[in-house]
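J.: Structure provided below as structure tokens; questions to follow.
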Amino acid sequence: MKHFVWTLPVGLLLLASLSGCGHAAGHTTNKNRPLNVTLASEPATADPNKSTDTNSGSLIFQTMEGLYTYNRNGKITAGVATKMVKPTNNGKTYTFTLKKQAKWANGQRVTAQDFITSLQRMANPKTKAQYASVLSAFKNFTAVQTGKASPSKLGVKALSSTKLQFQLTKAVPYFNDLIASEYYPLNTAAVKKYGAQYGTSAAKTVSNGAYKLVGWTGSNASWSYVKNRHYWNADSVKINRVKVAVTKDESTAANLFNADKVQETTVTGNYVRANRNSKNLHTHLTGRLQYLYINSKKTATNSTNLRQAISDAINRSQLTKSVLQDGSKAALSAVPTGDQKNPQTGQDMAAQVGNLLPQDKQQAKTYWQKYLKETGQTKATLNLLTDDTDDDKKVGTYLQSELEKTLPGLTITTTAIPHAQHVARDFAGNFELNLTGWSTSWLDAADFLSLAAKGNSVNFTNWSDTTFNQLLTKANSQTGLARYNGLMAADKRLMAVKGYIPLYQPSEAKLISNQVGGLTYTLLHEAKYQYAYWK
């Protein structure tokens, strides 16, 4: 990459780089016209085994396909598999047949071995897959993860080049979602060639989805998704190229859209408030919660009184309605709205549990004085880590003001850094206060609750509570209404002691060109560009 001695505003740089993408006279036909979109921050990896951040997930979602996938309406359907299958052995055995026409972007067949390569690699502790726990129901997973058994012992095997079998230790109610969103194949030859470097750039990645990844170096801010001509359903893909540009600033994103330099972009509070009646503005709640994590591994922040004081000081309704102003909802507990329904009544769990996170300034002050007393201090300075995105900066500023105003003697400093660096500090535990979030890939409360479970690699707070762990373990051993009630009990315990502090359920606001159709968003997923078309 060349470096220049002068600088330009980000918006002008992006406008220049995308200058050929508008509606100028003599523009190429729609058949070859690229779709231009934005992403909020840089992805960390293109490796499905190692992906934990939302931006990497977005890249992988557009370029990879599992045994199952999602149709244009967000419903699960057959992907690489010939059909969706019914498990046998009391829900513990799944046997799939792969489409013979399913191919990688390099023309090679997708085989059962490619799924074995991926899942065994993910389970292998040497891979250091931070979210390997999505394989926890597979036979021998724990033994493999702890190094007591070879990855070859994981409950996945090839019956032939086109037949694949999963063996589980228990039935999993949301397993179809895992098949569709977590268990991607990896090109076996590419993994052997690139080893730990697989997925660090487009050149070291092989796609099997509707699009292949092109032009991503691992650190640059623009790349493309190019139609995979070998994709089994390539004839249904109407747009041949999707150009992606990382755009962190809200005004830049809106300016690019209004200049027709991008046709889909995300905007936030200020723009949404000023343009809420725009026909191009579309909002939807996401299956995500934003949190304030407090590091229990650091002496200064390892305090129940501190967690309680901070949580009680925050007015979540004010945060969403006055600061974000984009349709986001105040968190009621550790489970977001729409995540899970009572199997008997159909009632939403978040509504049934109720608001466990009300603001109580007087109680916050009481807990704060207890914290100061237990630490022998009269004042304290704590650092808040955030992304360098517009939304995170706004929320960080609000929390700084609200906490300092409510808790006398508290000073909050803020550090805003790029998303990939933020994720690295999450896993390293290098923070005191941390504004972070979690997006689920399936509708089940256990995914959010397990973020606080002992031993979970994504328990960034390093907090542990015996009662909570017992409640969660017991719930996950049950089925139906008993499991549902058990998860509610775990939620109530987690919120009673504030293992982590939920803030809000984000609503995503998109500007979508009226010239583009086929972009459908759900609680779980972004729109799949393979279904997009020019009107």
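In the structure tokens, chains take the letters A, B, ... in the order shown, each chain's residues start at 1, and ligands count up from 1 in the order shown.
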Report as JSON, numbers by chain: the residues of range 65-301 of chain A with a DSSP assignment of strand (DSSP E), based on the backbone of this structure.
T.: {"A": [68, 69, 70, 76, 77, 78, 93, 94, 95, 96, 97, 156, 157, 158, 159, 160, 163, 164, 165, 166, 167, 211, 212, 213, 214, 222, 223, 224, 225, 226, 227, 241, 242, 243, 244, 245, 246, 264, 265, 266, 267, 281, 282, 283, 284, 285, 288, 289, 290, 291, 292, 293, 294]}
J.: I'd like the contact shell of Leu410 in chain A - 8 Å cut-off, only C-alpha atoms, skipping same-chain residues fewer than 4 positions apart - returned as a list in words.
T.: Lys379, Ala380, Thr381, Leu382, Leu403 and Glu404 of chain A
J.: Looking at only C-alpha atoms, which of A:Leu119, A:Ala420, A:Val214, A:Ala129 is the one that sits closest to Asp53 in chain A?
T.: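 Ranked by minimum distance to Asp53 in chain A, first place goes to A:Ala420.
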J.: What is the CA of Ala253 in chain A to CA of Lys528 in chain A distance in Å?
T.: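 Interatomic distance here is 20.0 Å.
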J.: With only C-alpha atoms as the counted atoms, please give the residues lying no more than 10 Å from Leu451 in chain A, apart from itself and same-chain residues fewer than 3 positions off, as an mmCIF file with all heavy atoms, in the first residue's frame.
T.:
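Saved as selection_38.cif:
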data_model
loop_
_atom_site.group_PDB
_atom_site.id
_atom_site.type_symbol
_atom_site.label_atom_id
_atom_site.label_comp_id
_atom_site.auth_asym_id
_atom_site.auth_seq_id
_atom_site.Cartn_x
_atom_site.Cartn_y
_atom_site.Cartn_z
ATOM 1 N N ALA A 334 -31.202 -9.445 30.678
ATOM 2 C CA ALA A 334 -30.132 -9.989 29.841
ATOM 3 C C ALA A 334 -30.654 -10.614 28.555
ATOM 4 O O ALA A 334 -29.862 -11.093 27.737
ATOM 5 C CB ALA A 334 -29.342 -11.036 30.639
ATOM 6 N N TRP A 438 -23.255 -7.985 21.802
ATOM 7 C CA TRP A 438 -23.311 -9.379 21.356
ATOM 8 C C TRP A 438 -24.521 -9.576 20.453
ATOM 9 O O TRP A 438 -25.641 -9.224 20.818
ATOM 10 C CB TRP A 438 -23.410 -10.324 22.551
ATOM 11 C CG TRP A 438 -23.356 -11.777 22.149
ATOM 12 C CD1 TRP A 438 -24.402 -12.649 22.056
ATOM 13 C CD2 TRP A 438 -22.195 -12.512 21.788
ATOM 14 N NE1 TRP A 438 -23.962 -13.890 21.650
ATOM 15 C CE2 TRP A 438 -22.604 -13.833 21.480
ATOM 16 C CE3 TRP A 438 -20.836 -12.195 21.676
ATOM 17 C CZ2 TRP A 438 -21.709 -14.827 21.069
ATOM 18 C CZ3 TRP A 438 -19.948 -13.181 21.276
ATOM 19 C CH2 TRP A 438 -20.379 -14.479 20.987
ATOM 20 N N ALA A 446 -30.314 -18.723 25.959
ATOM 21 C CA ALA A 446 -29.077 -19.281 26.497
ATOM 22 C C ALA A 446 -27.847 -18.649 25.871
ATOM 23 O O ALA A 446 -26.792 -18.560 26.499
ATOM 24 C CB ALA A 446 -29.054 -20.798 26.294
ATOM 25 N N ASP A 447 -27.946 -18.196 24.612
ATOM 26 C CA ASP A 447 -26.786 -17.594 23.953
ATOM 27 C C ASP A 447 -26.357 -16.317 24.671
ATOM 28 O O ASP A 447 -25.169 -16.083 24.886
ATOM 29 C CB ASP A 447 -27.108 -17.314 22.486
ATOM 30 C CG ASP A 447 -25.877 -16.910 21.693
ATOM 31 O OD1 ASP A 447 -24.806 -17.467 21.967
ATOM 32 O OD2 ASP A 447 -25.984 -16.036 20.820
ATOM 33 N N PHE A 448 -27.305 -15.487 25.054
ATOM 34 C CA PHE A 448 -26.979 -14.261 25.775
ATOM 35 C C PHE A 448 -26.570 -14.546 27.215
ATOM 36 O O PHE A 448 -25.618 -13.962 27.732
ATOM 37 C CB PHE A 448 -28.174 -13.297 25.744
ATOM 38 C CG PHE A 448 -28.410 -12.680 24.400
ATOM 39 C CD1 PHE A 448 -29.342 -13.223 23.534
ATOM 40 C CD2 PHE A 448 -27.688 -11.578 23.992
ATOM 41 C CE1 PHE A 448 -29.566 -12.662 22.283
ATOM 42 C CE2 PHE A 448 -27.892 -11.006 22.746
ATOM 43 C CZ PHE A 448 -28.836 -11.547 21.886
ATOM 44 N N LYS A 454 -19.179 -19.311 33.595
ATOM 45 C CA LYS A 454 -17.785 -19.623 33.918
ATOM 46 C C LYS A 454 -17.181 -20.480 32.811
ATOM 47 O O LYS A 454 -17.776 -21.447 32.356
ATOM 48 C CB LYS A 454 -17.713 -20.375 35.251
ATOM 49 C CG LYS A 454 -16.295 -20.703 35.695
ATOM 50 C CD LYS A 454 -16.281 -21.434 37.021
ATOM 51 C CE LYS A 454 -14.857 -21.748 37.452
ATOM 52 N NZ LYS A 454 -14.815 -22.456 38.762
ATOM 53 N N GLY A 455 -15.979 -20.101 32.379
ATOM 54 C CA GLY A 455 -15.273 -20.885 31.385
ATOM 55 C C GLY A 455 -15.596 -20.529 29.945
ATOM 56 O O GLY A 455 -14.924 -21.008 29.022
ATOM 57 N N ASN A 456 -16.606 -19.681 29.728
ATOM 58 C CA ASN A 456 -16.930 -19.287 28.361
ATOM 59 C C ASN A 456 -15.845 -18.344 27.840
ATOM 60 O O ASN A 456 -15.500 -17.357 28.489
ATOM 61 C CB ASN A 456 -18.294 -18.590 28.320
ATOM 62 C CG ASN A 456 -18.806 -18.403 26.898
ATOM 63 O OD1 ASN A 456 -18.046 -18.316 25.945
ATOM 64 N ND2 ASN A 456 -20.117 -18.361 26.757
ATOM 65 N N SER A 457 -15.305 -18.643 26.656
ATOM 66 C CA SER A 457 -14.197 -17.850 26.113
ATOM 67 C C SER A 457 -14.596 -16.416 25.805
ATOM 68 O O SER A 457 -13.734 -15.553 25.645
ATOM 69 C CB SER A 457 -13.653 -18.516 24.846
ATOM 70 O OG SER A 457 -14.654 -18.627 23.854
ATOM 71 N N VAL A 458 -15.910 -16.156 25.697
ATOM 72 C CA VAL A 458 -16.344 -14.785 25.434
ATOM 73 C C VAL A 458 -16.946 -14.135 26.695
ATOM 74 O O VAL A 458 -17.656 -13.144 26.599
ATOM 75 C CB VAL A 458 -17.346 -14.723 24.260
ATOM 76 C CG1 VAL A 458 -16.635 -14.977 22.951
ATOM 77 C CG2 VAL A 458 -18.492 -15.702 24.445
ATOM 78 N N ASN A 459 -16.645 -14.703 27.867
ATOM 79 C CA ASN A 459 -16.998 -14.058 29.132
ATOM 80 C C ASN A 459 -15.900 -13.032 29.443
ATOM 81 O O ASN A 459 -15.000 -13.262 30.241
ATOM 82 C CB ASN A 459 -17.100 -15.093 30.257
ATOM 83 C CG ASN A 459 -17.446 -14.469 31.605
ATOM 84 O OD1 ASN A 459 -17.550 -13.246 31.724
ATOM 85 N ND2 ASN A 459 -17.613 -15.294 32.612
ATOM 86 N N PHE A 460 -15.979 -11.889 28.764
ATOM 87 C CA PHE A 460 -14.915 -10.892 28.842
ATOM 88 C C PHE A 460 -14.806 -10.253 30.222
ATOM 89 O O PHE A 460 -13.778 -9.677 30.555
ATOM 90 C CB PHE A 460 -15.138 -9.792 27.801
ATOM 91 C CG PHE A 460 -15.180 -10.290 26.382
ATOM 92 C CD1 PHE A 460 -16.098 -9.773 25.486
ATOM 93 C CD2 PHE A 460 -14.303 -11.268 25.943
ATOM 94 C CE1 PHE A 460 -16.140 -10.208 24.174
ATOM 95 C CE2 PHE A 460 -14.336 -11.717 24.633
ATOM 96 C CZ PHE A 460 -15.267 -11.190 23.741
ATOM 97 N N THR A 461 -15.878 -10.322 31.017
ATOM 98 C CA THR A 461 -15.835 -9.699 32.335
ATOM 99 C C THR A 461 -15.013 -10.514 33.335
ATOM 100 O O THR A 461 -14.606 -10.000 34.366
ATOM 101 C CB THR A 461 -17.244 -9.553 32.927
ATOM 102 O OG1 THR A 461 -17.787 -10.858 33.152
ATOM 103 C CG2 THR A 461 -18.158 -8.778 31.990
ATOM 104 N N ASN A 462 -14.804 -11.805 33.034
ATOM 105 C CA ASN A 462 -14.136 -12.731 33.955
ATOM 106 C C ASN A 462 -14.914 -12.897 35.259
ATOM 107 O O ASN A 462 -14.367 -13.319 36.282
ATOM 108 C CB ASN A 462 -12.708 -12.260 34.267
ATOM 109 C CG ASN A 462 -11.802 -12.376 33.070
ATOM 110 O OD1 ASN A 462 -11.465 -13.473 32.654
ATOM 111 N ND2 ASN A 462 -11.443 -11.252 32.482
ATOM 112 N N TRP A 463 -16.199 -12.578 35.227
ATOM 113 C CA TRP A 463 -17.068 -12.714 36.393
ATOM 114 C C TRP A 463 -17.573 -14.147 36.488
ATOM 115 O O TRP A 463 -17.789 -14.813 35.478
ATOM 116 C CB TRP A 463 -18.238 -11.751 36.250
ATOM 117 C CG TRP A 463 -19.313 -11.869 37.290
ATOM 118 C CD1 TRP A 463 -19.337 -11.277 38.511
ATOM 119 C CD2 TRP A 463 -20.548 -12.606 37.179
ATOM 120 N NE1 TRP A 463 -20.502 -11.595 39.182
ATOM 121 C CE2 TRP A 463 -21.257 -12.411 38.375
ATOM 122 C CE3 TRP A 463 -21.105 -13.404 36.194
ATOM 123 C CZ2 TRP A 463 -22.495 -12.992 38.623
ATOM 124 C CZ3 TRP A 463 -22.340 -13.985 36.422
ATOM 125 C CH2 TRP A 463 -23.028 -13.777 37.624
ATOM 126 N N GLY A 499 -23.900 -9.411 36.777
ATOM 127 C CA GLY A 499 -22.681 -10.025 36.236
ATOM 128 C C GLY A 499 -22.147 -9.244 35.059
ATOM 129 O O GLY A 499 -20.938 -9.098 34.869
ATOM 130 N N TYR A 500 -23.049 -8.752 34.255
ATOM 131 C CA TYR A 500 -22.740 -7.725 33.268
ATOM 132 C C TYR A 500 -23.929 -6.771 33.219
ATOM 133 O O TYR A 500 -24.988 -7.061 33.780
ATOM 134 C CB TYR A 500 -22.386 -8.291 31.896
ATOM 135 C CG TYR A 500 -23.410 -9.233 31.264
ATOM 136 C CD1 TYR A 500 -24.717 -8.833 31.002
ATOM 137 C CD2 TYR A 500 -23.035 -10.522 30.867
ATOM 138 C CE1 TYR A 500 -25.633 -9.677 30.401
ATOM 139 C CE2 TYR A 500 -23.943 -11.376 30.261
ATOM 140 C CZ TYR A 500 -25.235 -10.944 30.022
ATOM 141 O OH TYR A 500 -26.144 -11.783 29.418
#
J.: Quick one, how far is CA of Val110 in chain A from CA of Val226 in chain A?
T.: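 We find that CA of Val110 in chain A and CA of Val226 in chain A lie 18.8 Å from each other.
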J.: Taking only C-alpha atoms into account, name the residue in A:Ala171, A:Val335, A:Leu511, A:Ala445 that is nearest to Met495 in chain A.
T.: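 For Met495 in chain A, the nearest of the candidates is A:Val335.
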